[in-house]
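Structure, as structure tokens:
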Amino acid sequence: MKSLIAAYVLGAVSPEEMEEVRAHIISCEECMAEADGYSGAVSSLAFSVAPEAIPDTLIDNVMREARAGAAQPPVKAVPPVADDSDGSGVTELRRSRPIYGIVAAAAALLIVAVLAGALITTTNELDETRNQLAAQRERVEQLAGTQGAMRLGGPSDEAIGAMLPTDEGGVFVAHGLDAPPSNHTYQVWLLDDGQPTSAGTFDPESGLGSLQTDRSLEDVDGVAVTVEPEGGSPAPTGDPVLST
Amino acid sequence: MLERDEGALREVISTYGGLVFAMAKRVVADPTMAEEVAQDAFLALWRRPGSYNSDRGSLQSFLLGVTRNKAIDLVRHEESLKKTKVALVTEAEAASEGRSGNEPVVGMEERDELRAALSSLSDVQREAVVLAYFGGRTYREVAEELGIPEGTAKTRLRDGLSKLRQLLSDRTEFT
């Protein structure tokens, strides 16, 4: 399995191997660290390309298509991600580097595995999205099945979530939640003897919701997700859409 | 971009069009196909501005990633993998000889460093890494095309990436 890590990070393995390696990496810290190490080298390969002259017709063609598309309903822009300036201890998962040393190994892996999937979703056409979502669901399901993870389910079977412990707190991912109603957001609650503490808010992007918290999961015996007004609430106000 | 501002889109294309087109051409080899890929990449940003998040890296990285994925999808769809091999490997050799003149300022230093790093790989490592990354090949396809055992292909990819990682680890990050 170890011999496949470099090929995996390059995307140079079959879809079956992709899943196998991913499942292995989740449980093997050594391979996870190796994958993390390669990811920087792989993402920098794009920078070896030297720019060429822009084809004469490129700008005009793009502008024409953009205007034609503007007649369609506008795409809702994803709200800016929360940063930690409010001191909530919560930051969004980041795909950006530097990965090294900033997040725990498990979180770094998630960035490689989960967001690689999210990126693929943005680059494919609609008819492929269903397959991508199925793969995304399977990934979240796998994460929920790893050691120490908590699995969240909803009233319908559509949505699932997973909360994973890391060295520095926890990482949460959810698949299958619809966009929240306008001026609302999803909020994650950590339950200690039934008492909820906020772990932060998120808005799903490409079907995937995620957040990272630096609150320890040690005494947490359950996790729940509710819909709350934008910015989050001090305490949950509605029924959970996902819970352990 | 979030305001769907046409002027902003035009500016983004002027700034990054040359790079995006070059990335597309690197993968698909054919200039006409490359232009289509470049067009799709910019339209993807226009239609789904939320898919780009500045907290996650530069717009340049985002556009190049989208372009590469779209180009590889297209090449796979066209089943023209073999046709692009010669172009890919020639490019890799050119890349290893240092930078060409007349480049805009975007990331020029990074490019020089990257090329220097690429050129220090052995020829067989570079060939394997370039086929996998720009050619979208699996290690099996790399093995088949180069007439080497699968294990050797995996080793070349691993050694190539290890060396790149090592060379790039102590310097400023690419963002």
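For the structure tokens, the naming scheme is as follows: chains receive sequential letters (A, B, ...) according to their order of presentation, residues are indexed from 1 within each chain, and ligands are indexed from 1 in presentation order.
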
Quiz prompt | Residue hits in chain B, query chain A, radius 6 Å, only C-alpha atoms, as an MDAnalysis selection string | solution = chainID B and resid 17:19 22 39 50 56:57 111 114:115 132 137:139 158 164:165

May I have the selected residues written with N, CA, C and O atoms, as a PDB file, in the first residue's frame?
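Below is the file again_2.pdb, written as the result:
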```
ATOM      1  N   GLY B  17      -4.999  34.477 -18.461  1.00  0.00           N
ATOM      2  CA  GLY B  17      -5.324  33.751 -19.699  1.00  0.00           C
ATOM      3  C   GLY B  17      -4.136  33.007 -20.300  1.00  0.00           C
ATOM      4  O   GLY B  17      -4.259  31.861 -20.725  1.00  0.00           O
ATOM      5  N   GLY B  18      -2.986  33.660 -20.310  1.00  0.00           N
ATOM      6  CA  GLY B  18      -1.800  33.056 -20.910  1.00  0.00           C
ATOM      7  C   GLY B  18      -1.355  31.803 -20.174  1.00  0.00           C
ATOM      8  O   GLY B  18      -0.959  30.813 -20.782  1.00  0.00           O
ATOM      9  N   LEU B  19      -1.446  31.870 -18.843  1.00  0.00           N
ATOM     10  CA  LEU B  19      -1.049  30.722 -18.023  1.00  0.00           C
ATOM     11  C   LEU B  19      -2.055  29.578 -18.150  1.00  0.00           C
ATOM     12  O   LEU B  19      -1.678  28.408 -18.281  1.00  0.00           O
ATOM     13  N   ALA B  22      -1.720  27.974 -21.444  1.00  0.00           N
ATOM     14  CA  ALA B  22      -0.500  27.169 -21.511  1.00  0.00           C
ATOM     15  C   ALA B  22      -0.680  25.844 -20.761  1.00  0.00           C
ATOM     16  O   ALA B  22      -0.240  24.789 -21.224  1.00  0.00           O
ATOM     17  N   GLN B  39     -11.420  28.424 -21.978  1.00  0.00           N
ATOM     18  CA  GLN B  39     -12.722  29.086 -21.957  1.00  0.00           C
ATOM     19  C   GLN B  39     -13.602  28.477 -20.863  1.00  0.00           C
ATOM     20  O   GLN B  39     -14.212  29.194 -20.069  1.00  0.00           O
ATOM     21  N   GLY B  50     -18.457  30.996  -6.062  1.00  0.00           N
ATOM     22  CA  GLY B  50     -18.281  30.472  -4.706  1.00  0.00           C
ATOM     23  C   GLY B  50     -17.339  29.291  -4.648  1.00  0.00           C
ATOM     24  O   GLY B  50     -16.869  28.932  -3.574  1.00  0.00           O
ATOM     25  N   ARG B  56      -8.205  29.739   0.570  1.00  0.00           N
ATOM     26  CA  ARG B  56      -7.649  28.420   0.269  1.00  0.00           C
ATOM     27  C   ARG B  56      -6.531  28.458  -0.754  1.00  0.00           C
ATOM     28  O   ARG B  56      -6.127  27.445  -1.280  1.00  0.00           O
ATOM     29  N   GLY B  57      -6.071  29.618  -1.090  1.00  0.00           N
ATOM     30  CA  GLY B  57      -4.977  29.680  -2.043  1.00  0.00           C
ATOM     31  C   GLY B  57      -5.253  30.749  -3.088  1.00  0.00           C
ATOM     32  O   GLY B  57      -6.325  31.343  -3.105  1.00  0.00           O
ATOM     33  N   ARG B 111       8.393  29.863 -10.750  1.00  0.00           N
ATOM     34  CA  ARG B 111       8.542  29.002 -11.920  1.00  0.00           C
ATOM     35  C   ARG B 111      10.009  28.619 -12.105  1.00  0.00           C
ATOM     36  O   ARG B 111      10.327  27.483 -12.404  1.00  0.00           O
ATOM     37  N   LEU B 114      10.842  26.060  -9.543  1.00  0.00           N
ATOM     38  CA  LEU B 114      10.197  24.793  -9.849  1.00  0.00           C
ATOM     39  C   LEU B 114      10.921  24.074 -10.971  1.00  0.00           C
ATOM     40  O   LEU B 114      11.159  22.875 -10.934  1.00  0.00           O
ATOM     41  N   ARG B 115      11.288  24.848 -11.972  1.00  0.00           N
ATOM     42  CA  ARG B 115      11.984  24.243 -13.109  1.00  0.00           C
ATOM     43  C   ARG B 115      13.342  23.722 -12.708  1.00  0.00           C
ATOM     44  O   ARG B 115      13.776  22.671 -13.165  1.00  0.00           O
ATOM     45  N   ALA B 132       2.166  11.446 -15.427  1.00  0.00           N
ATOM     46  CA  ALA B 132       1.086  11.273 -14.457  1.00  0.00           C
ATOM     47  C   ALA B 132       0.375  12.598 -14.187  1.00  0.00           C
ATOM     48  O   ALA B 132      -0.844  12.674 -14.211  1.00  0.00           O
ATOM     49  N   ARG B 137      -2.165  10.208 -16.571  1.00  0.00           N
ATOM     50  CA  ARG B 137      -2.028   8.752 -16.632  1.00  0.00           C
ATOM     51  C   ARG B 137      -2.022   8.144 -15.247  1.00  0.00           C
ATOM     52  O   ARG B 137      -1.500   8.743 -14.306  1.00  0.00           O
ATOM     53  N   THR B 138      -2.519   6.917 -15.146  1.00  0.00           N
ATOM     54  CA  THR B 138      -2.321   6.154 -13.923  1.00  0.00           C
ATOM     55  C   THR B 138      -0.927   5.538 -13.994  1.00  0.00           C
ATOM     56  O   THR B 138      -0.312   5.502 -15.066  1.00  0.00           O
ATOM     57  N   TYR B 139      -0.434   5.031 -12.868  1.00  0.00           N
ATOM     58  CA  TYR B 139       0.907   4.426 -12.895  1.00  0.00           C
ATOM     59  C   TYR B 139       0.944   3.227 -13.838  1.00  0.00           C
ATOM     60  O   TYR B 139       1.960   2.933 -14.449  1.00  0.00           O
ATOM     61  N   ARG B 158       7.354   7.804  -6.926  1.00  0.00           N
ATOM     62  CA  ARG B 158       7.639   8.062  -5.514  1.00  0.00           C
ATOM     63  C   ARG B 158       8.982   8.767  -5.352  1.00  0.00           C
ATOM     64  O   ARG B 158       9.095   9.761  -4.626  1.00  0.00           O
ATOM     65  N   LEU B 164      11.393  16.112  -5.253  1.00  0.00           N
ATOM     66  CA  LEU B 164      10.771  17.439  -5.388  1.00  0.00           C
ATOM     67  C   LEU B 164      10.433  18.017  -4.025  1.00  0.00           C
ATOM     68  O   LEU B 164      10.694  19.184  -3.738  1.00  0.00           O
ATOM     69  N   ARG B 165       9.855  17.166  -3.182  1.00  0.00           N
ATOM     70  CA  ARG B 165       9.460  17.615  -1.846  1.00  0.00           C
ATOM     71  C   ARG B 165      10.673  18.125  -1.089  1.00  0.00           C
ATOM     72  O   ARG B 165      10.650  19.170  -0.455  1.00  0.00           O
TER      73      ARG B 165
END
```

Practice problem: Within 9 Å of segment 182-192 of chain A, counting only C-alpha atoms, which residues show up once you throw out same-chain ones fewer than 2 positions away? Write them as a PyMOL selection string, please. | Solution: chain A and resi 172+179-180+194-204+209+211+217+219-233+235-236

Quiz item: Which residues come within 7 Å of segment 69-78 of chain B, counting only C-alpha atoms, excluding same-chain residues fewer than 3 positions away, as a list in words?
Solution: Thr123 of chain A; Ala24, Val27, Val28, Val37, Gly65, Val66, Leu81, Gly135 and Gly136 of chain B

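We find atom CA of Gly161 of chain A and atom CA of Gly176 of chain A to be spaced 8.7 Å apart.
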
Quiz item: Mind checking DSSP for segment 1-77 of chain B and telling me the alpha helix (DSSP H) residues as a ChimeraX atom specification?
Solution: /B:6-28,31-47,59-77

Practice problem: Quote the spacing between atom CA of Ala116 of chain B and atom CA of Ile13 of chain B in Å to one decimal place. | Solution: 27.9 Å

Quiz prompt | Residue among A:Ser27, A:Arg64, A:Pro181, A:Asp214 lying closest to Glu6 of chain B, counting only C-alpha atoms | solution = A:Arg64

Quiz prompt | Non-local contacts of segment 145-158 of chain A (6 Å; only C-alpha atoms; under 3 positions in same chain excluded) as JSON, numbers by chain | solution = {"A": [142, 161, 162, 163, 164, 176, 241, 242, 243, 244]}

Emit the selected residues as a compact mmCIF listing (two decimals), in the first residue's frame, including N, CA, C and O atoms.
```txt
# COMPACT_ATOMS: atom_id res chain seq x y z
N GLN A 142 -17.03 6.42 5.40
CA GLN A 142 -15.77 5.79 5.80
C GLN A 142 -15.14 6.52 6.99
O GLN A 142 -14.66 5.90 7.94
N GLY A 161 -23.12 12.60 8.81
CA GLY A 161 -22.01 13.43 9.26
C GLY A 161 -21.02 12.59 10.05
O GLY A 161 -21.33 11.46 10.45
N ALA A 162 -19.84 13.14 10.26
CA ALA A 162 -18.84 12.46 11.07
C ALA A 162 -18.04 13.50 11.84
O ALA A 162 -17.69 14.55 11.30
N MET A 163 -17.80 13.22 13.11
CA MET A 163 -16.92 14.06 13.92
C MET A 163 -15.72 13.22 14.29
O MET A 163 -15.86 12.15 14.86
N LEU A 164 -14.53 13.71 13.90
CA LEU A 164 -13.31 12.95 14.15
C LEU A 164 -12.41 13.68 15.13
O LEU A 164 -12.17 14.88 14.96
N GLY A 176 -24.83 15.77 2.29
CA GLY A 176 -26.24 15.59 1.99
C GLY A 176 -27.19 16.60 2.61
O GLY A 176 -28.39 16.45 2.53
N VAL A 241 -30.95 18.43 12.79
CA VAL A 241 -31.07 17.84 11.45
C VAL A 241 -30.10 16.66 11.33
O VAL A 241 -30.24 15.83 10.45
N LEU A 242 -29.12 16.64 12.20
CA LEU A 242 -28.19 15.53 12.29
C LEU A 242 -27.85 15.33 13.77
O LEU A 242 -27.72 16.30 14.50
N SER A 243 -27.74 14.06 14.21
CA SER A 243 -27.30 13.85 15.59
C SER A 243 -26.72 12.45 15.72
O SER A 243 -26.92 11.59 14.86
N THR A 244 -25.95 12.25 16.79
CA THR A 244 -25.33 10.95 17.02
C THR A 244 -26.37 10.00 17.61
O THR A 244 -27.34 10.43 18.21
```

Practice problem: Considering only C-alpha atoms, state which residue in the set B:Val124, B:Leu161, B:Val130, B:Arg68 is at the smallest distance from Gly147 of chain B. | Solution: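 Using only C-alpha atoms, the shortest distance to Gly147 of chain B belongs to B:Val124.
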